[in-house]
file upload_8.tsv (TSV, C-alpha atoms)
chain	number	residue	atom	x	y	z
A	1	MET	CA	-31.39	36.05	7.18
A	2	ASN	CA	-32.70	33.54	4.65
A	3	GLU	CA	-30.23	34.82	2.09
A	4	LYS	CA	-27.40	34.43	4.59
A	5	ARG	CA	-28.51	30.88	5.35
A	6	HIS	CA	-28.72	30.13	1.66
A	7	ASP	CA	-25.16	31.39	1.22
A	8	VAL	CA	-23.95	29.18	4.04
A	9	GLU	CA	-25.81	26.19	2.60
A	10	THR	CA	-24.20	26.80	-0.78
A	11	LEU	CA	-20.76	27.05	0.81
A	12	ILE	CA	-21.33	23.88	2.80
A	13	SER	CA	-22.49	22.05	-0.30
A	14	ARG	CA	-19.47	23.24	-2.26
A	15	VAL	CA	-17.06	22.18	0.48
A	16	LEU	CA	-18.68	18.77	0.90
A	17	ASP	CA	-18.50	18.29	-2.87
A	18	ARG	CA	-14.79	19.25	-2.83
A	19	GLU	CA	-15.50	22.09	-5.24
A	20	ALA	CA	-14.56	24.95	-2.92
A	21	ASP	CA	-11.38	26.95	-3.37
A	22	ALA	CA	-9.20	28.07	-0.48
A	23	ALA	CA	-11.03	31.38	0.01
A	24	GLN	CA	-14.40	29.65	0.14
A	25	ARG	CA	-13.16	27.07	2.66
A	26	ARG	CA	-11.80	29.87	4.81
A	27	ALA	CA	-15.10	31.76	4.57
A	28	LEU	CA	-16.98	28.67	5.71
A	29	ASP	CA	-14.56	28.09	8.60
A	30	GLU	CA	-15.17	31.62	9.78
A	31	ALA	CA	-18.94	31.28	9.46
A	32	LEU	CA	-18.92	28.03	11.43
A	33	ALA	CA	-16.74	29.55	14.13
A	34	ARG	CA	-19.02	32.49	14.79
A	35	ASP	CA	-22.44	30.91	14.15
A	36	PRO	CA	-23.52	27.79	16.10
A	37	ALA	CA	-26.55	27.38	13.82
A	38	ALA	CA	-24.25	27.25	10.80
A	39	ARG	CA	-22.06	24.73	12.64
A	40	ALA	CA	-25.10	22.54	13.37
A	41	LEU	CA	-26.20	22.82	9.76
A	42	TYR	CA	-22.75	21.78	8.54
A	43	ASP	CA	-22.68	18.78	10.89
A	44	GLU	CA	-26.12	17.75	9.72
A	45	TYR	CA	-25.23	18.00	6.02
A	46	ALA	CA	-21.92	16.23	6.52
A	47	ALA	CA	-23.65	13.34	8.29
A	48	LEU	CA	-26.35	13.25	5.62
A	49	ASP	CA	-23.73	13.13	2.87
A	50	ALA	CA	-21.81	10.30	4.50
A	51	GLU	CA	-24.97	8.32	5.10
A	52	ALA	CA	-26.25	8.98	1.57
A	53	GLY	CA	-23.03	7.61	0.10
A	54	LYS	CA	-23.37	4.46	2.18
A	55	VAL	CA	-27.04	4.03	1.32
A	56	LEU	CA	-26.47	4.52	-2.41
A	57	ARG	CA	-23.54	2.10	-2.49
A	58	ARG	CA	-25.63	-0.49	-0.67
A	59	VAL	CA	-28.64	0.05	-2.93
A	60	MET	CA	-26.49	-0.28	-6.04
A	61	GLY	CA	-24.64	-3.30	-4.71
A	62	ARG	CA	-21.29	-1.65	-4.24
A	63	SER	CA	-19.47	-2.33	-1.03
A	64	GLY	CA	-17.17	0.42	0.12
A	65	GLY	CA	-16.72	1.72	-3.38
A	66	VAL	CA	-14.99	-1.47	-4.55
A	67	ARG	CA	-16.42	-2.48	-7.88
A	68	ALA	CA	-14.33	-5.53	-8.65
A	69	LEU	CA	-16.10	-8.83	-8.92
A	70	ARG	CA	-15.08	-11.51	-6.47
A	71	PHE	CA	-14.64	-14.97	-7.81
A	72	ALA	CA	-13.88	-18.13	-5.92
A	73	PRO	CA	-10.66	-19.86	-7.08
A	74	TRP	CA	-12.62	-22.87	-8.37
A	75	PHE	CA	-14.72	-20.52	-10.46
A	76	VAL	CA	-11.66	-18.91	-12.01
A	77	THR	CA	-10.34	-22.38	-12.89
A	78	ALA	CA	-13.69	-23.39	-14.37
A	79	ALA	CA	-13.92	-20.12	-16.32
A	80	ALA	CA	-10.41	-20.63	-17.70
A	81	ALA	CA	-11.33	-24.16	-18.77
A	82	ALA	CA	-14.52	-22.91	-20.41
A	83	ALA	CA	-12.59	-20.17	-22.19
A	84	ALA	CA	-10.09	-22.71	-23.47
A	85	LEU	CA	-12.96	-24.85	-24.73
A	86	VAL	CA	-14.57	-21.92	-26.51
A	87	ALA	CA	-11.23	-20.93	-28.00
A	88	SER	CA	-10.71	-24.48	-29.28
A	89	ILE	CA	-14.14	-24.42	-30.97
A	90	GLY	CA	-13.48	-21.17	-32.74
A	91	PRO	CA	-13.15	-17.43	-32.35
A	92	GLY	CA	-15.91	-15.40	-30.78
A	93	TRP	CA	-17.33	-14.46	-27.42
A	94	ILE	CA	-19.81	-17.17	-26.61
A	95	PRO	CA	-21.37	-17.90	-29.97
A	96	GLN	CA	-24.60	-19.78	-29.61
A	97	PRO	CA	-26.67	-20.95	-32.53
A	98	GLY	CA	-29.58	-21.06	-30.13
A	99	SER	CA	-33.14	-19.90	-29.84
A	100	ALA	CA	-34.43	-16.89	-31.69
A	101	THR	CA	-35.22	-14.79	-28.67
A	102	ASN	CA	-34.29	-11.15	-28.83
A	103	GLY	CA	-32.85	-8.85	-26.20
A	104	GLY	CA	-31.16	-9.71	-22.92
A	105	ALA	CA	-30.76	-13.26	-21.79
A	106	ALA	CA	-29.17	-15.23	-19.08
A	107	VAL	CA	-30.56	-18.15	-17.25
A	108	HIS	CA	-30.97	-18.48	-13.56
A	109	ALA	CA	-33.81	-19.99	-11.62
A	110	GLY	CA	-35.77	-17.22	-9.97
A	111	ASN	CA	-33.99	-14.41	-11.74
A	112	PRO	CA	-33.84	-14.72	-15.49
A	113	TRP	CA	-31.32	-11.91	-15.90
A	114	PHE	CA	-28.46	-13.20	-13.87
A	115	VAL	CA	-26.03	-16.03	-13.78
A	116	GLN	CA	-24.51	-16.59	-10.38
A	117	ASN	CA	-20.84	-17.45	-9.97
A	118	GLY	CA	-19.96	-20.74	-11.50
A	119	GLU	CA	-23.32	-21.42	-13.07
A	120	ALA	CA	-23.65	-21.83	-16.77
A	121	PRO	CA	-26.75	-21.07	-18.78
A	122	THR	CA	-28.91	-24.19	-18.60
A	123	SER	CA	-29.80	-24.30	-22.24
A	124	GLY	CA	-28.65	-23.16	-25.58
A	125	TRP	CA	-25.11	-24.51	-25.66
A	126	PRO	CA	-24.05	-25.18	-29.20
A	127	MET	CA	-24.22	-28.98	-29.51
A	128	VAL	CA	-27.41	-29.50	-27.53
A	129	ASP	CA	-29.16	-26.61	-29.18
A	130	THR	CA	-28.27	-27.76	-32.64
A	131	LEU	CA	-29.66	-31.21	-31.94
A	132	VAL	CA	-32.86	-30.48	-30.07
A	133	ASN	CA	-33.96	-26.96	-30.87
A	134	PRO	CA	-36.16	-26.76	-33.97
A	135	ALA	CA	-35.47	-23.04	-34.23
A	136	ALA	CA	-31.74	-23.61	-34.40
A	137	GLU	CA	-31.62	-23.77	-38.16
A	138	ALA	CA	-33.36	-20.42	-38.54
A	139	ALA	CA	-31.25	-18.91	-35.79
A	140	ARG	CA	-28.08	-19.85	-37.65
A	141	LYS	CA	-28.84	-16.99	-39.97
A	142	SER	CA	-27.97	-14.64	-37.15
A	143	SER	CA	-25.13	-14.72	-34.65
A	144	ARG	CA	-25.71	-14.48	-30.95
A	145	ASP	CA	-23.14	-13.09	-28.56
A	146	PHE	CA	-23.02	-12.09	-24.94
A	147	ILE	CA	-21.58	-8.98	-23.38
A	148	VAL	CA	-20.46	-9.60	-19.83
A	149	MET	CA	-20.86	-6.83	-17.28
A	150	PRO	CA	-20.92	-6.59	-13.49
A	151	GLY	CA	-24.27	-7.27	-11.85
A	152	SER	CA	-25.75	-5.44	-8.91
A	153	ALA	CA	-24.18	-7.62	-6.21
A	154	PRO	CA	-20.52	-8.53	-5.75
A	155	GLY	CA	-19.75	-11.69	-7.68
A	156	GLU	CA	-22.81	-11.38	-9.86
A	157	ILE	CA	-22.42	-11.28	-13.62
A	158	LEU	CA	-24.86	-9.77	-16.04
A	159	LEU	CA	-24.92	-11.28	-19.49
A	160	ILE	CA	-26.36	-9.24	-22.30
A	161	GLU	CA	-27.39	-11.15	-25.33
A	162	VAL	CA	-26.84	-9.40	-28.61
A	163	ARG	CA	-27.84	-10.66	-31.99
A	164	ARG	CA	-26.50	-9.63	-35.34
A	165	ALA	CA	-27.65	-10.65	-38.75
A	166	ARG	CA	-24.98	-12.69	-40.43
A	167	PRO	CA	-24.00	-11.42	-43.82
A	168	ALA	CA	-25.19	-13.75	-46.52
A	169	ARG	CA	-22.48	-15.77	-48.19
A	170	PRO	CA	-21.77	-14.58	-51.70
A	171	ILE	CA	-23.12	-16.95	-54.28
A	172	GLU	CA	-20.35	-18.62	-56.15
A	173	LEU	CA	-20.95	-18.73	-59.81
A	174	HIS	CA	-19.09	-21.34	-61.80
A	175	GLY	CA	-18.48	-21.56	-65.43
A	176	LEU	CA	-19.34	-17.99	-66.30
B	177	MET	CA	-10.17	15.45	-16.61
B	178	THR	CA	-13.24	15.71	-18.72
B	179	PRO	CA	-15.82	12.92	-18.65
B	180	GLU	CA	-15.23	12.19	-22.30
B	181	SER	CA	-11.56	11.38	-21.79
B	182	THR	CA	-12.10	8.06	-19.99
B	183	VAL	CA	-12.68	6.05	-23.17
B	184	PRO	CA	-10.18	6.57	-25.95
B	185	THR	CA	-11.56	7.57	-29.29
B	186	GLU	CA	-9.70	4.64	-30.87
B	187	LEU	CA	-11.68	2.25	-28.69
B	188	VAL	CA	-14.95	3.68	-29.93
B	189	ALA	CA	-13.73	3.50	-33.49
B	190	ALA	CA	-12.79	-0.16	-32.96
B	191	ALA	CA	-16.24	-0.85	-31.57
B	192	GLN	CA	-17.77	0.80	-34.61
B	193	ARG	CA	-15.76	-1.55	-36.81
B	194	GLY	CA	-17.45	-4.40	-34.96
B	195	GLU	CA	-14.58	-5.42	-32.69
B	196	ARG	CA	-16.33	-7.21	-29.88
B	197	ARG	CA	-13.64	-6.74	-27.30
B	198	ALA	CA	-13.82	-3.00	-27.80
B	199	VAL	CA	-17.54	-3.03	-27.11
B	200	GLU	CA	-16.97	-5.20	-24.08
B	201	ARG	CA	-14.40	-2.74	-22.75
B	202	ILE	CA	-16.75	0.16	-23.30
B	203	VAL	CA	-19.41	-1.72	-21.34
B	204	GLN	CA	-17.03	-2.53	-18.51
B	205	GLU	CA	-15.71	1.00	-18.22
B	206	ASN	CA	-19.10	2.66	-18.34
B	207	ALA	CA	-21.45	0.13	-16.76
B	208	ALA	CA	-21.29	1.56	-13.24
B	209	TRP	CA	-22.11	5.16	-14.04
B	210	VAL	CA	-24.78	4.19	-16.55
B	211	ARG	CA	-26.46	2.24	-13.74
B	212	SER	CA	-26.17	5.30	-11.52
B	213	VAL	CA	-27.79	7.44	-14.18
B	214	ILE	CA	-30.63	4.96	-14.52
B	215	TYR	CA	-31.17	4.89	-10.76
B	216	GLY	CA	-30.91	8.66	-10.62
B	217	LEU	CA	-33.51	9.04	-13.35
B	218	THR	CA	-35.96	6.38	-12.24
B	219	GLY	CA	-35.46	6.33	-8.49
B	220	ARG	CA	-36.27	2.64	-8.80
B	221	ARG	CA	-33.58	0.11	-7.93
B	222	ASP	CA	-35.74	-2.69	-9.29
B	223	LEU	CA	-35.65	-1.17	-12.78
B	224	VAL	CA	-31.90	-0.65	-12.99
B	225	ASP	CA	-30.87	-4.10	-14.25
B	226	ASP	CA	-33.52	-4.29	-16.95
B	227	VAL	CA	-32.94	-0.76	-18.20
B	228	ALA	CA	-29.15	-1.29	-18.18
B	229	GLN	CA	-29.66	-4.30	-20.41
B	230	GLN	CA	-31.74	-2.26	-22.80
B	231	VAL	CA	-29.08	0.44	-22.86
B	232	TRP	CA	-26.25	-1.92	-23.76
B	233	ILE	CA	-28.30	-3.71	-26.36
B	234	ALA	CA	-29.07	-0.31	-27.92
B	235	VAL	CA	-25.40	0.63	-27.76
B	236	TRP	CA	-24.41	-2.57	-29.49
B	237	ARG	CA	-26.94	-1.99	-32.23
B	238	ARG	CA	-26.35	1.70	-32.71
B	239	ILE	CA	-22.66	2.27	-31.99
B	240	ALA	CA	-22.05	2.79	-35.71
B	241	ASP	CA	-24.42	5.78	-35.58
B	242	LEU	CA	-22.21	7.64	-33.11
B	243	GLN	CA	-20.85	10.43	-35.29
B	244	ASP	CA	-18.27	11.82	-32.87
B	245	PRO	CA	-16.52	9.06	-30.86
B	246	GLY	CA	-15.29	11.75	-28.47
B	247	ARG	CA	-18.88	12.29	-27.36
B	248	LEU	CA	-19.37	8.71	-26.19
B	249	ARG	CA	-20.40	9.62	-22.67
B	250	SER	CA	-23.03	12.13	-23.75
B	251	TRP	CA	-24.30	9.63	-26.27
B	252	LEU	CA	-24.52	6.89	-23.64
B	253	TYR	CA	-26.28	9.27	-21.31
B	254	SER	CA	-28.93	10.09	-23.92
B	255	ILE	CA	-29.55	6.37	-24.52
B	256	ALA	CA	-29.76	5.70	-20.78
B	257	ARG	CA	-32.09	8.65	-20.31
B	258	ASN	CA	-34.45	7.56	-23.08
B	259	ALA	CA	-34.44	3.95	-21.88
B	260	SER	CA	-35.17	5.12	-18.32
B	261	ILE	CA	-38.06	7.31	-19.44
B	262	ASP	CA	-39.48	4.44	-21.50
B	263	ALA	CA	-39.19	2.11	-18.50
B	264	ILE	CA	-40.96	4.56	-16.22
B	265	GLU	CA	-43.75	5.00	-18.76
B	266	ALA	CA	-44.10	1.24	-19.11
B	267	GLU	CA	-44.23	0.89	-15.34
B	268	ARG	CA	-46.95	3.52	-15.09
B	269	ARG	CA	-49.12	1.52	-17.44
B	270	ARG	CA	-48.52	-1.69	-15.53
B	271	PRO	CA	-50.26	-2.44	-12.21
B	272	ARG	CA	-47.55	-2.60	-9.60
B	273	VAL	CA	-47.22	-5.40	-7.10
B	274	VAL	CA	-45.46	-4.24	-3.96
B	275	PRO	CA	-43.57	-7.12	-2.39
B	276	VAL	CA	-43.85	-7.59	1.34
B	277	GLU	CA	-40.49	-6.67	2.82
B	278	GLU	CA	-38.71	-9.41	4.65
B	279	ARG	CA	-37.38	-7.73	7.71
B	280	GLN	CA	-34.52	-9.37	9.52
B	281	PRO	CA	-34.56	-9.08	13.27
B	282	ALA	CA	-31.98	-6.60	14.50
B	283	ALA	CA	-28.94	-8.15	16.13
B	284	ALA	CA	-25.68	-6.72	17.40
B	285	ASP	CA	-23.37	-6.03	14.45
B	286	LYS	CA	-19.67	-6.68	13.99
B	287	GLY	CA	-18.85	-3.20	15.14
B	288	GLY	CA	-20.24	-4.01	18.58
B	289	ARG	CA	-23.33	-1.84	18.27
B	290	GLY	CA	-26.37	-3.16	20.11
B	291	PRO	CA	-29.59	-4.25	18.40
B	292	ALA	CA	-31.30	-0.92	19.14
B	293	ALA	CA	-28.49	1.04	17.48
B	294	VAL	CA	-28.42	-1.34	14.52
B	295	LEU	CA	-32.18	-1.02	14.13
B	296	GLU	CA	-32.03	2.75	14.33
B	297	SER	CA	-29.21	2.88	11.79
B	298	ARG	CA	-31.13	0.57	9.48
B	299	GLU	CA	-34.26	2.68	9.80
B	300	ILE	CA	-32.35	5.87	9.08
B	301	GLY	CA	-30.80	4.23	6.03
B	302	ALA	CA	-34.19	3.09	4.80
B	303	ALA	CA	-35.69	6.54	5.42
B	304	LEU	CA	-32.83	8.18	3.55
B	305	GLN	CA	-33.20	5.76	0.64
B	306	ARG	CA	-36.92	6.57	0.45
B	307	ALA	CA	-36.13	10.27	0.61
B	308	ILE	CA	-33.56	10.02	-2.18
B	309	GLU	CA	-35.95	8.01	-4.33
B	310	SER	CA	-38.69	10.58	-3.67
B	311	LEU	CA	-36.56	13.51	-4.80
B	312	PRO	CA	-37.66	15.16	-8.03
B	313	THR	CA	-35.61	13.69	-10.87
B	314	ILE	CA	-33.76	16.93	-11.62
B	315	TYR	CA	-32.32	16.87	-8.09
B	316	ARG	CA	-31.91	13.12	-7.65
B	317	GLU	CA	-29.90	12.64	-10.83
B	318	PRO	CA	-26.96	14.93	-10.00
B	319	PHE	CA	-27.11	13.85	-6.36
B	320	VAL	CA	-26.69	10.17	-7.28
B	321	LEU	CA	-23.88	10.90	-9.74
B	322	ARG	CA	-22.10	13.03	-7.16
B	323	HIS	CA	-22.37	10.48	-4.37
B	324	LEU	CA	-21.98	7.24	-6.28
B	325	GLU	CA	-19.54	8.25	-8.98
B	326	ASN	CA	-17.80	11.12	-7.19
B	327	TRP	CA	-18.17	13.21	-10.31
B	328	SER	CA	-17.30	16.88	-10.18
B	329	TYR	CA	-19.79	19.59	-11.09
B	330	ALA	CA	-18.06	19.85	-14.46
B	331	GLU	CA	-18.39	16.13	-15.14
B	332	ILE	CA	-22.03	16.04	-14.09
B	333	GLY	CA	-22.74	19.13	-16.18
B	334	ALA	CA	-21.04	17.66	-19.23
B	335	ALA	CA	-23.03	14.44	-19.03
B	336	LEU	CA	-26.37	16.05	-18.24
B	337	GLY	CA	-25.95	19.03	-20.52
B	338	LEU	CA	-26.06	21.56	-17.67
B	339	ILE	CA	-23.84	24.45	-16.71
B	340	GLU	CA	-21.89	24.00	-13.48
B	341	ASP	CA	-23.90	26.63	-11.63
B	342	THR	CA	-27.08	24.70	-12.32
B	343	VAL	CA	-25.49	21.48	-11.09
B	344	GLU	CA	-24.44	23.23	-7.90
B	345	THR	CA	-27.88	24.76	-7.35
B	346	ARG	CA	-29.53	21.38	-7.82
B	347	LEU	CA	-27.18	19.70	-5.37
B	348	VAL	CA	-27.83	22.38	-2.75
B	349	ARG	CA	-31.55	21.93	-3.28
B	350	ALA	CA	-31.29	18.13	-3.15
B	351	ARG	CA	-29.49	18.27	0.19
B	352	ARG	CA	-32.04	20.72	1.57
B	353	LEU	CA	-34.95	18.51	0.51
B	354	LEU	CA	-33.32	15.43	2.03
B	355	ARG	CA	-32.63	17.25	5.26
B	356	GLU	CA	-36.24	18.40	5.44
B	357	ALA	CA	-37.50	14.91	4.66
B	358	LEU	CA	-35.43	13.36	7.44
B	359	GLU	CA	-36.20	16.10	9.97
B	360	GLY	CA	-32.96	15.83	11.87
B	361	ARG	CA	-32.86	12.03	12.08
B	362	VAL	CA	-29.38	11.80	10.53
call {"tool": "encode", "arguments": {"input": "upload_8.tsv", "output": "structure tokens"}}
result
Amino acid sequence: MNEKRHDVETLISRVLDREADAAQRRALDEALARDPAARALYDEYAALDAEAGKVLRRVMGRSGGVRALRFAPWFVTAAAAAAALVASIGPGWIPQPGSATNGGAAVHAGNPWFVQNGEAPTSGWPMVDTLVNPAAEAARKSSRDFIVMPGSAPGEILLIEVRRARPARPIELHGL
Amino acid sequence: MTPESTVPTELVAAAQRGERRAVERIVQENAAWVRSVIYGLTGRRDLVDDVAQQVWIAVWRRIADLQDPGRLRSWLYSIARNASIDAIEAERRRPRVVPVEERQPAAADKGGRGPAAVLESREIGAALQRAIESLPTIYREPFVLRHLENWSYAEIGAALGLIEDTVETRLVRARRLLREALEGRV
């Protein structure tokens, strides 16, 4: 009996996972038709699966399986303007000769990992940093970039700070 | 489609040459499932963001070490797995503060369900989340990948280094454990 139930459970699992072939789907249909307990088990697992998908998408900040970030039009305009500004300064992602911290960074009151839509990091922009940060000179020896990735909630952006050592400039020797 | 086919080998090679946009694309195309892996391994939503950051920093630093660009997904998985294990170990050593949950009063939802139905649905969802997070890791991991990423047994097996039969057995067992934990509430 237990073995039979295990077989039905395996079939149900395979069908719910869309891994069953035609013969297996037919076998399950027949089992469900003749065994009310199997039918109840199938209904229970199907409901559990549907609910689990919803719960996991909610927990991971995905609504209805849509993963695209939503930006307000004003944010898109502001982002385009910022991108144009960065492009006019020079090539790169968001190069920042800023502090010498290592690892991830983004600035947001209450949650240091995230930047909400439209907000810019509150410190570390090139000009300001260069003028006021005493560590800026040392930090110039490395480059600091950000990788942008979706955050856990729609519209949330995760910035990953990455640092690379800048190759030393070759020493130019004159008169040799 | 195999899991490894989603990111072209040329893209990995470009990332290894230090092309930032290539790295960014790799992040964008793999961020979601890496987060699922982290959640599947840790069972802790509050760790996912931090561990994901660690993963991508490690990827950025070590992408040149990836010998076979065609194995990107397996490589990413191993980094995510190690980072998740490290995070869990670090959490074990740290005294944990459990925040008091802010519970919103139940109100009728947009679908016209009454407060009692909304509350019941919310409670079932919370119970199911607790049950998923309480699953042993070997069952939770494939379950999360199946339900969040819609990966096939073959894809899950390729990423986790398991044969398909093992993936299937673990999914059957995961469902059974969840059903037992919820005792017919779903």
call {"tool": "atom_distance", "arguments": {"input": "upload_8.tsv", "atom1": "CA of Ala357 (chain B)", "atom2": "CA of Ala307 (chain B)"}}
result
6.3 Å
call {"tool": "residues_around", "arguments": {"input": "upload_8.tsv", "residues": "region 43-58 of chain A", "least_positions_apart": "6", "cutoff": "9 Å", "atoms": "only C-alpha atoms", "output": "ChimeraX atom specification"}}
result
/A:9,12-13,16,64-65 /B:300-302,304-305,308,320,323-324,351-352,354-355,360,362
call {"tool": "closest_residue", "arguments": {"input": "upload_8.tsv", "among": "B:Tyr215, B:Ser250, B:Thr185, B:Ala190", "to": "chain A", "atoms": "all atoms listed in the file"}}
result
B:Tyr215
call {"tool": "closest_residue", "arguments": {"input": "upload_8.tsv", "among": "B:Gln192, B:Gln229, B:Ser254, B:Thr313", "to": "chain A", "atoms": "only C-alpha atoms"}}
result
B:Gln229
call {"tool": "residues_near_point", "arguments": {"input": "upload_8.tsv", "point": "(-35.4, 5.3, -15.8)", "cutoff": "10 Å", "atoms": "all atoms listed in the file", "output": "list of chain:residue names"}}
result
B:Arg211, B:Val213, B:Ile214, B:Tyr215, B:Gly216, B:Leu217, B:Thr218, B:Gly219, B:Arg220, B:Arg221, B:Leu223, B:Val224, B:Asp226, B:Val227, B:Ala228, B:Ala256, B:Arg257, B:Asn258, B:Ala259, B:Ser260, B:Ile261, B:Asp262, B:Ala263, B:Ile264, B:Glu265, B:Glu267, B:Thr313
call {"tool": "atom_distance", "arguments": {"input": "upload_8.tsv", "atom1": "CA of Ala189 (chain B)", "atom2": "CA of Arg201 (chain B)"}}
result
12.4 Å
call {"tool": "closest_residue", "arguments": {"input": "upload_8.tsv", "among": "B:Pro184, B:Pro318, B:Gly246, B:Pro312", "to": "chain A", "atoms": "all atoms listed in the file"}}
result
B:Pro318
call {"tool": "closest_residue", "arguments": {"input": "upload_8.tsv", "among": "A:Asp35, A:Asp21, A:Glu30, A:Asp7", "to": "chain B", "atoms": "only C-alpha atoms"}}
result
A:Asp7
call {"tool": "atom_distance", "arguments": {"input": "upload_8.tsv", "atom1": "CA of Leu11 (chain A)", "atom2": "CA of Tyr42 (chain A)"}}
result
9.6 Å
call {"tool": "closest_residue", "arguments": {"input": "upload_8.tsv", "among": "B:Ala240, B:Leu311, B:Leu248, B:Leu358", "to": "chain A", "atoms": "all atoms listed in the file"}}
result
B:Leu358
call {"tool": "closest_residue", "arguments": {"input": "upload_8.tsv", "among": "A:Arg5, A:Arg34, A:Leu28, A:Arg14", "to": "chain B", "atoms": "all atoms listed in the file"}}
result
A:Arg14
call {"tool": "decode", "arguments": {"input": "upload_8.tsv", "residues": "region 318-324 of chain B", "atoms": "all heavy atoms", "output": "PDB file, in the first residue's frame"}}
result
ATOM      1  N   PRO B 318      16.486  22.169  -4.364  1.00  0.00           N
ATOM      2  CA  PRO B 318      15.822  21.888  -5.651  1.00  0.00           C
ATOM      3  C   PRO B 318      14.390  22.387  -5.692  1.00  0.00           C
ATOM      4  O   PRO B 318      13.900  22.810  -6.741  1.00  0.00           O
ATOM      5  CB  PRO B 318      15.872  20.353  -5.752  1.00  0.00           C
ATOM      6  CG  PRO B 318      16.125  19.855  -4.384  1.00  0.00           C
ATOM      7  CD  PRO B 318      16.882  20.937  -3.675  1.00  0.00           C
ATOM      8  N   PHE B 319      13.720  22.398  -4.540  1.00  0.00           N
ATOM      9  CA  PHE B 319      12.326  22.859  -4.499  1.00  0.00           C
ATOM     10  C   PHE B 319      12.245  24.339  -4.883  1.00  0.00           C
ATOM     11  O   PHE B 319      11.382  24.742  -5.665  1.00  0.00           O
ATOM     12  CB  PHE B 319      11.740  22.638  -3.094  1.00  0.00           C
ATOM     13  CG  PHE B 319      10.273  22.908  -3.004  1.00  0.00           C
ATOM     14  CD1 PHE B 319       9.343  21.942  -3.391  1.00  0.00           C
ATOM     15  CD2 PHE B 319       9.805  24.133  -2.559  1.00  0.00           C
ATOM     16  CE1 PHE B 319       7.981  22.199  -3.318  1.00  0.00           C
ATOM     17  CE2 PHE B 319       8.446  24.394  -2.486  1.00  0.00           C
ATOM     18  CZ  PHE B 319       7.534  23.420  -2.863  1.00  0.00           C
ATOM     19  N   VAL B 320      13.152  25.136  -4.339  1.00  0.00           N
ATOM     20  CA  VAL B 320      13.155  26.574  -4.647  1.00  0.00           C
ATOM     21  C   VAL B 320      13.500  26.803  -6.118  1.00  0.00           C
ATOM     22  O   VAL B 320      12.859  27.608  -6.800  1.00  0.00           O
ATOM     23  CB  VAL B 320      14.142  27.318  -3.720  1.00  0.00           C
ATOM     24  CG1 VAL B 320      14.372  28.749  -4.206  1.00  0.00           C
ATOM     25  CG2 VAL B 320      13.621  27.330  -2.290  1.00  0.00           C
ATOM     26  N   LEU B 321      14.483  26.079  -6.623  1.00  0.00           N
ATOM     27  CA  LEU B 321      14.862  26.263  -8.034  1.00  0.00           C
ATOM     28  C   LEU B 321      13.731  25.844  -8.969  1.00  0.00           C
ATOM     29  O   LEU B 321      13.497  26.457 -10.011  1.00  0.00           O
ATOM     30  CB  LEU B 321      16.137  25.481  -8.350  1.00  0.00           C
ATOM     31  CG  LEU B 321      17.410  26.038  -7.717  1.00  0.00           C
ATOM     32  CD1 LEU B 321      18.589  25.104  -7.955  1.00  0.00           C
ATOM     33  CD2 LEU B 321      17.725  27.424  -8.263  1.00  0.00           C
ATOM     34  N   ARG B 322      13.039  24.786  -8.585  1.00  0.00           N
ATOM     35  CA  ARG B 322      11.916  24.319  -9.410  1.00  0.00           C
ATOM     36  C   ARG B 322      10.790  25.362  -9.422  1.00  0.00           C
ATOM     37  O   ARG B 322      10.242  25.666 -10.466  1.00  0.00           O
ATOM     38  CB  ARG B 322      11.405  22.975  -8.866  1.00  0.00           C
ATOM     39  CG  ARG B 322      10.171  22.447  -9.548  1.00  0.00           C
ATOM     40  CD  ARG B 322      10.470  21.924 -10.946  1.00  0.00           C
ATOM     41  NE  ARG B 322       9.262  21.896 -11.745  1.00  0.00           N
ATOM     42  CZ  ARG B 322       8.909  22.830 -12.619  1.00  0.00           C
ATOM     43  NH1 ARG B 322       9.687  23.863 -12.838  1.00  0.00           N
ATOM     44  NH2 ARG B 322       7.791  22.738 -13.288  1.00  0.00           N
ATOM     45  N   HIS B 323      10.469  25.889  -8.249  1.00  0.00           N
ATOM     46  CA  HIS B 323       9.292  26.758  -8.149  1.00  0.00           C
ATOM     47  C   HIS B 323       9.563  28.228  -8.447  1.00  0.00           C
ATOM     48  O   HIS B 323       8.657  28.953  -8.826  1.00  0.00           O
ATOM     49  CB  HIS B 323       8.656  26.607  -6.765  1.00  0.00           C
ATOM     50  CG  HIS B 323       7.938  25.305  -6.608  1.00  0.00           C
ATOM     51  ND1 HIS B 323       8.596  24.124  -6.374  1.00  0.00           N
ATOM     52  CD2 HIS B 323       6.629  24.994  -6.696  1.00  0.00           C
ATOM     53  CE1 HIS B 323       7.722  23.139  -6.317  1.00  0.00           C
ATOM     54  NE2 HIS B 323       6.523  23.631  -6.508  1.00  0.00           N
ATOM     55  N   LEU B 324      10.789  28.662  -8.257  1.00  0.00           N
ATOM     56  CA  LEU B 324      11.090  30.064  -8.565  1.00  0.00           C
ATOM     57  C   LEU B 324      11.625  30.227  -9.980  1.00  0.00           C
ATOM     58  O   LEU B 324      11.310  31.181 -10.672  1.00  0.00           O
ATOM     59  CB  LEU B 324      12.132  30.604  -7.585  1.00  0.00           C
ATOM     60  CG  LEU B 324      11.614  31.392  -6.386  1.00  0.00           C
ATOM     61  CD1 LEU B 324      12.764  31.801  -5.495  1.00  0.00           C
ATOM     62  CD2 LEU B 324      10.818  32.611  -6.800  1.00  0.00           C
TER      63      LEU B 324
END
